[in-house]
Amino acid sequence: MSLFKARDWWSTTLGEKEEFDQGCLCVADVDNSGRDKIIVGSYMGYLRIFNPHPVKPGDGGQPEDLLLEVQLREPILQVEVGKFVSGTEGLHLAVLHCRKLCVYAVSETLGNVEHGNQYQIKLMYEHNLQRTACNMTYGPFGGVKGRDLICIQSMDGMLMLFEQESYAFGRFLPGFLLPGPLTYSSRTDSFITVSSCRQVESYKYQVLAFATDADERQETDQAKLGSGKRLVVDWVLNLGEQALDICVVSFNQTVSSVFVLVKEGTINTLIGNHSKMLNVYQDVTLKWAAQLPHIPVSVKVANLQDLKGVIVTLSDTGHLQCSYLGTDPSLFQAPRVESRELNQEEFDAEMKELQKIIKEATKTQDILPKSEKYRDVIVTAEVSPSLDVESQAIDSDVKAETVPSVTVKITIQSRVTAKKPNLEVCVQAPLAVTCEQFVFDDLEPDSSETVIVSVFLKRNFSPSELEGNCVLSYSTPTELFPEGILKAAQCKFSLPLRLICFPAQPSKAANHKITIDTNKPPISFLTIFPDFVDPSEDDQANVLGFQFLSGSKATLLASKTSQRYRIQSDQLEDLWLITKELRLRLEEHFKKQNCKDFTCTFSGSVPLQEYFELIDRHFELRLNEEKLQELLSQRAAQFRAIERRLLTRFKDKTPAPLQHLDTLLEGTFREVIALADAAVENQANIFQAFTKLKSATHLVIMLISLWQKLNTDQVAILEATFLPLAEDTKEMGWEETVDAAISYLLRTCLSKSSKEQALSLSSQLCMPKDTSRLKKNITLFCDRLAKGGRLSLSTDSATHQASVMPGGCATIPESDLEERTVVLCSTAMFPHHGQITKQKSKPGLYFGVFNIPADTGLFFMRASANNLPLQDWELLSLLVGKRKK
């Protein structure tokens, strides 16, 4: 809501249940008295003329403000004032009806009684139209002096031109479908309109006048004149959206310009919108925004009662208001506070009571408000237990023979009045729903609505999540807010695994394998996977195969001698959904058995190297995107340069040879199209790679949580660190975001020294040159967890860890000085005095680490002089600890 309002200078309401539109308002000196009047016509046929003169600003309309009110018995589409009568340069009123154009003279008669002067209109002439009119414009067509001609646009695309009392000619607009706004530019002597193709088109009056008739089969002479050839447009500009109005402005200091083509000078424009806002633009810059009490359909500027710049607005229901932009001074002064002596005992007692209330309120740690016991609107989603008999998949790119779908039934139950309910059903791509959005009528109390949608796999790769979400937005009216307070209700639902894969023959060999340990004997797959196992086949009790719709396979095995399950596949990302489904079904099975101590653990190595390959693939596609965008920008600039040169050659009066510029233009155009297609294809590949990366990230998070036995809060921190983005964008990519999050944890809760905590992080994220730093930080992150580090948002937990947990990940061989320093600084236990350790990443480089008590804070390192320069040795000694001379 705007802090500024359009100040009400004068206002009135016109009629009852009358309708008005854009052309129904006009401000002009219609009676040639030297003062502006407000002329309003309605679709009910009423013509009114006002001369506002309030006693004080804000007064409503007085009876004497209405100069004239007459009913013309036909709907009034538009009113205009101009020099429409021959033999005189006085102003007259033109009224456009659906099938008639009337021109009136408005005159004032001096009154001899207390009622004052009287106004009346006199019909000067009228034109009966053969076609239904839409709108009109006027002006000195063809450069005539001292008179205005009228042009009417019909609903079927004919421009009918009238030279005051006589009909001139009519021409059809080429390619016409629907009428648009119409105006006349006196500077170029042309008509400007917006076609149904959403293009601004300009037609010269001279071209209209000299066009020859093409059809002589009309019955009347007037209709015969209206059948012209297709016109040739003077110029065309593609807007891309439909225009509501066109205004041509012309000042001495600037060239004549259409509003959308403002180039020079200063032009102030008033624009009203459907949010009851009146925006004042200076050229294309918003200078002022004021609140109106209604939605304007027409805005004019008038000079009334020696007050210049009065803004006249008209709503579609007949609210006519004259306003000015400004503020009223505040005359309020705060009264003086009576001084009184304070009672110290009462003050202390009140303070103790308040402190008691504050203490009770701060005992609870709940930051979010508690959920209401009975919600206003409840949304529930029920997923069908079986797949659809007849698949509802639409435009799916999956190459499988059949693409299954599953039905989701969504029910909305309302206990209160819910206005404008809007339901959105969201699933994670590449999944899709048959209908994503539903708009309902207002829900009454104790009413319900039900919708049914189907979910299916649309693209030829597996999703990272099999979950959906239903979000209902609505508003509930209150006494303070009659329009309603915006609220939302949501409900999540889980989709079956059968939606993206089906049973298949198990595979013995696979590139990627992980093993999950449990504390209970293995459960037969006949029990936990009944939808994937054929009961007649006993060999599937301990081994099960999954065939994804995208073509890849996964195999699940249960050990007969130990409490282990193995999941294997040729693709790392395909392990995620199978592993997650196995864990969920095992937990659900033992929960039904009232077994509360069931746990899953992971003691193998986290597959970081395979995970890094997916990161590199995703990052490589992001680099390709930047390269394609740069090449596309270069080719587009080249294309525009060739166009300018060709345009110069074509405009030259003495034509010169093109010198193969046309061939170069065509070749550049083909390159632009090819680069655009490549960019679109690369964008699709990025999305697919990001989906696979998210699946692998989910898997790594689960393995780390099972490996380190993390609690719920620690798993939440882990997910926020590795999955900060729901979608990869150009402004913020996954690599730099995750690197910043991991760096923060390494310098806070997982730091090894106070020096690491003191290092500051960059406040600006940008795309890195490569992924080496990210991979190093991920490896170091896992190494810190293996050595006893614990995830926490508090920096107090950043203490030195001395215990090393079994299992974990192997560190990446370090290659540069910074990485060697980090590895050496993070070492918790050092070799004995004089022991030499060799770095595998660089043969010939040796370090001697001396065991010095930790309380001295002194580390001494020795490097061979022929492998490490002196300046590197000095830098290394400064980074590791105090320098010993």
# chains A, B, ... in the order shown; residues from 1 in each chain; ligands from 1

$ residues_around --residues "region 543-553 of chain A" --least-positions-apart "4" --cutoff "6 Å" --atoms "only C-alpha atoms" --output "ChimeraX atom specification"
/A:400,460-461,500-506,557

$ select_by_dssp --residues "region 12-98 of chain A" --states "strand (DSSP E or B)" --output "ChimeraX atom specification"
/A:12-13,25-28,37-41,46-50,60,66-71,78-82,92-96

$ write_last_selection --atoms "N, CA and C atoms" --output "mmCIF file, in the first residue's frame"
data_model
loop_
_atom_site.group_PDB
_atom_site.id
_atom_site.type_symbol
_atom_site.label_atom_id
_atom_site.label_comp_id
_atom_site.auth_asym_id
_atom_site.auth_seq_id
_atom_site.Cartn_x
_atom_site.Cartn_y
_atom_site.Cartn_z
ATOM 1 N N THR A 12 -17.596 12.766 -7.262
ATOM 2 C CA THR A 12 -19.020 12.468 -7.319
ATOM 3 C C THR A 12 -19.200 11.076 -7.899
ATOM 4 N N THR A 13 -20.391 10.539 -7.713
ATOM 5 C CA THR A 13 -20.742 9.221 -8.255
ATOM 6 C C THR A 13 -21.808 9.401 -9.311
ATOM 7 N N LEU A 25 -14.425 9.443 -20.990
ATOM 8 C CA LEU A 25 -14.038 10.652 -20.275
ATOM 9 C C LEU A 25 -13.275 11.582 -21.208
ATOM 10 N N CYS A 26 -13.606 12.869 -21.125
ATOM 11 C CA CYS A 26 -12.917 13.886 -21.927
ATOM 12 C C CYS A 26 -12.881 15.174 -21.126
ATOM 13 N N VAL A 27 -11.763 15.886 -21.178
ATOM 14 C CA VAL A 27 -11.600 17.178 -20.512
ATOM 15 C C VAL A 27 -11.252 18.206 -21.576
ATOM 16 N N ALA A 28 -12.095 19.226 -21.746
ATOM 17 C CA ALA A 28 -11.855 20.242 -22.775
ATOM 18 C C ALA A 28 -12.787 21.427 -22.534
ATOM 19 N N LYS A 37 -13.986 21.864 -19.005
ATOM 20 C CA LYS A 37 -15.135 21.157 -18.458
ATOM 21 C C LYS A 37 -14.845 19.657 -18.532
ATOM 22 N N ILE A 38 -15.542 18.908 -17.718
ATOM 23 C CA ILE A 38 -15.401 17.450 -17.710
ATOM 24 C C ILE A 38 -16.620 16.856 -18.387
ATOM 25 N N ILE A 39 -16.381 16.113 -19.480
ATOM 26 C CA ILE A 39 -17.462 15.484 -20.234
ATOM 27 C C ILE A 39 -17.373 13.979 -20.012
ATOM 28 N N VAL A 40 -18.482 13.369 -19.609
ATOM 29 C CA VAL A 40 -18.528 11.944 -19.320
ATOM 30 C C VAL A 40 -19.714 11.338 -20.046
ATOM 31 N N GLY A 41 -19.479 10.242 -20.759
ATOM 32 C CA GLY A 41 -20.549 9.464 -21.381
ATOM 33 C C GLY A 41 -20.542 8.057 -20.838
ATOM 34 N N TYR A 46 -26.095 8.029 -21.091
ATOM 35 C CA TYR A 46 -26.161 9.333 -20.430
ATOM 36 C C TYR A 46 -24.920 10.155 -20.761
ATOM 37 N N LEU A 47 -25.143 11.422 -21.118
ATOM 38 C CA LEU A 47 -24.079 12.386 -21.366
ATOM 39 C C LEU A 47 -24.141 13.445 -20.284
ATOM 40 N N ARG A 48 -23.013 13.643 -19.576
ATOM 41 C CA ARG A 48 -22.960 14.609 -18.478
ATOM 42 C C ARG A 48 -21.764 15.524 -18.677
ATOM 43 N N ILE A 49 -21.960 16.803 -18.313
ATOM 44 C CA ILE A 49 -20.904 17.809 -18.379
ATOM 45 C C ILE A 49 -20.810 18.461 -17.004
ATOM 46 N N PHE A 50 -19.594 18.486 -16.420
ATOM 47 C CA PHE A 50 -19.369 19.009 -15.080
ATOM 48 C C PHE A 50 -18.415 20.197 -15.125
ATOM 49 N N GLY A 60 -17.886 16.967 -1.709
ATOM 50 C CA GLY A 60 -18.489 16.199 -2.787
ATOM 51 C C GLY A 60 -19.087 17.108 -3.845
ATOM 52 N N LEU A 66 -23.086 20.141 -11.923
ATOM 53 C CA LEU A 66 -23.565 19.427 -13.108
ATOM 54 C C LEU A 66 -24.193 20.432 -14.062
ATOM 55 N N LEU A 67 -23.513 20.738 -15.144
ATOM 56 C CA LEU A 67 -24.009 21.714 -16.097
ATOM 57 C C LEU A 67 -25.072 21.135 -17.008
ATOM 58 N N LEU A 68 -24.903 19.840 -17.362
ATOM 59 C CA LEU A 68 -25.821 19.251 -18.330
ATOM 60 C C LEU A 68 -25.882 17.751 -18.120
ATOM 61 N N GLU A 69 -27.068 17.192 -18.195
ATOM 62 C CA GLU A 69 -27.262 15.743 -18.173
ATOM 63 C C GLU A 69 -28.394 15.409 -19.134
ATOM 64 N N VAL A 70 -28.094 14.594 -20.117
ATOM 65 C CA VAL A 70 -29.075 14.228 -21.120
ATOM 66 C C VAL A 70 -28.868 12.772 -21.500
ATOM 67 N N GLN A 71 -29.966 12.073 -21.776
ATOM 68 C CA GLN A 71 -29.893 10.677 -22.197
ATOM 69 C C GLN A 71 -30.057 10.608 -23.706
ATOM 70 N N GLN A 78 -17.435 6.686 -26.933
ATOM 71 C CA GLN A 78 -16.315 7.626 -26.801
ATOM 72 C C GLN A 78 -16.821 9.039 -27.005
ATOM 73 N N VAL A 79 -16.218 9.980 -26.282
ATOM 74 C CA VAL A 79 -16.523 11.405 -26.440
ATOM 75 C C VAL A 79 -15.209 12.142 -26.697
ATOM 76 N N GLU A 80 -15.242 13.061 -27.666
ATOM 77 C CA GLU A 80 -14.073 13.869 -28.001
ATOM 78 C C GLU A 80 -14.535 15.286 -28.319
ATOM 79 N N VAL A 81 -13.643 16.275 -28.144
ATOM 80 C CA VAL A 81 -13.927 17.678 -28.415
ATOM 81 C C VAL A 81 -12.899 18.182 -29.415
ATOM 82 N N GLY A 82 -13.361 18.809 -30.505
ATOM 83 C CA GLY A 82 -12.465 19.331 -31.520
ATOM 84 C C GLY A 82 -13.199 20.250 -32.479
ATOM 85 N N HIS A 92 -16.467 21.691 -30.793
ATOM 86 C CA HIS A 92 -17.734 20.975 -30.736
ATOM 87 C C HIS A 92 -17.493 19.588 -30.153
ATOM 88 N N LEU A 93 -18.583 18.984 -29.730
ATOM 89 C CA LEU A 93 -18.537 17.688 -29.055
ATOM 90 C C LEU A 93 -18.933 16.580 -30.025
ATOM 91 N N ALA A 94 -18.046 15.566 -30.163
ATOM 92 C CA ALA A 94 -18.324 14.396 -30.993
ATOM 93 C C ALA A 94 -18.611 13.214 -30.070
ATOM 94 N N VAL A 95 -19.744 12.564 -30.316
ATOM 95 C CA VAL A 95 -20.183 11.419 -29.512
ATOM 96 C C VAL A 95 -20.279 10.215 -30.434
ATOM 97 N N LEU A 96 -19.553 9.145 -30.074
ATOM 98 C CA LEU A 96 -19.534 7.923 -30.881
ATOM 99 C C LEU A 96 -20.435 6.876 -30.249
#

$ closest_residue --among "A:Val85, A:Val406, A:Ala418, A:Val280" --to "Leu499 (chain A)" --atoms "only C-alpha atoms"
A:Val406

$ atom_distance --atom1 "CA of Glu630 (chain A)" --atom2 "CA of Asn682 (chain A)"
13.9 Å

$ closest_residue --among "A:Pro522, A:Pro657, A:Gly175, A:Gly34" --to "Thr561 (chain A)" --atoms "only C-alpha atoms"
A:Pro522

$ atom_distance --atom1 "CA of Gly604 (chain A)" --atom2 "CA of Lys513 (chain A)"
10.1 Å

$ closest_residue --among "A:Glu736, A:Leu661, A:Asp348, A:Asp616" --to "Thr648 (chain A)" --atoms "only C-alpha atoms"
A:Leu661
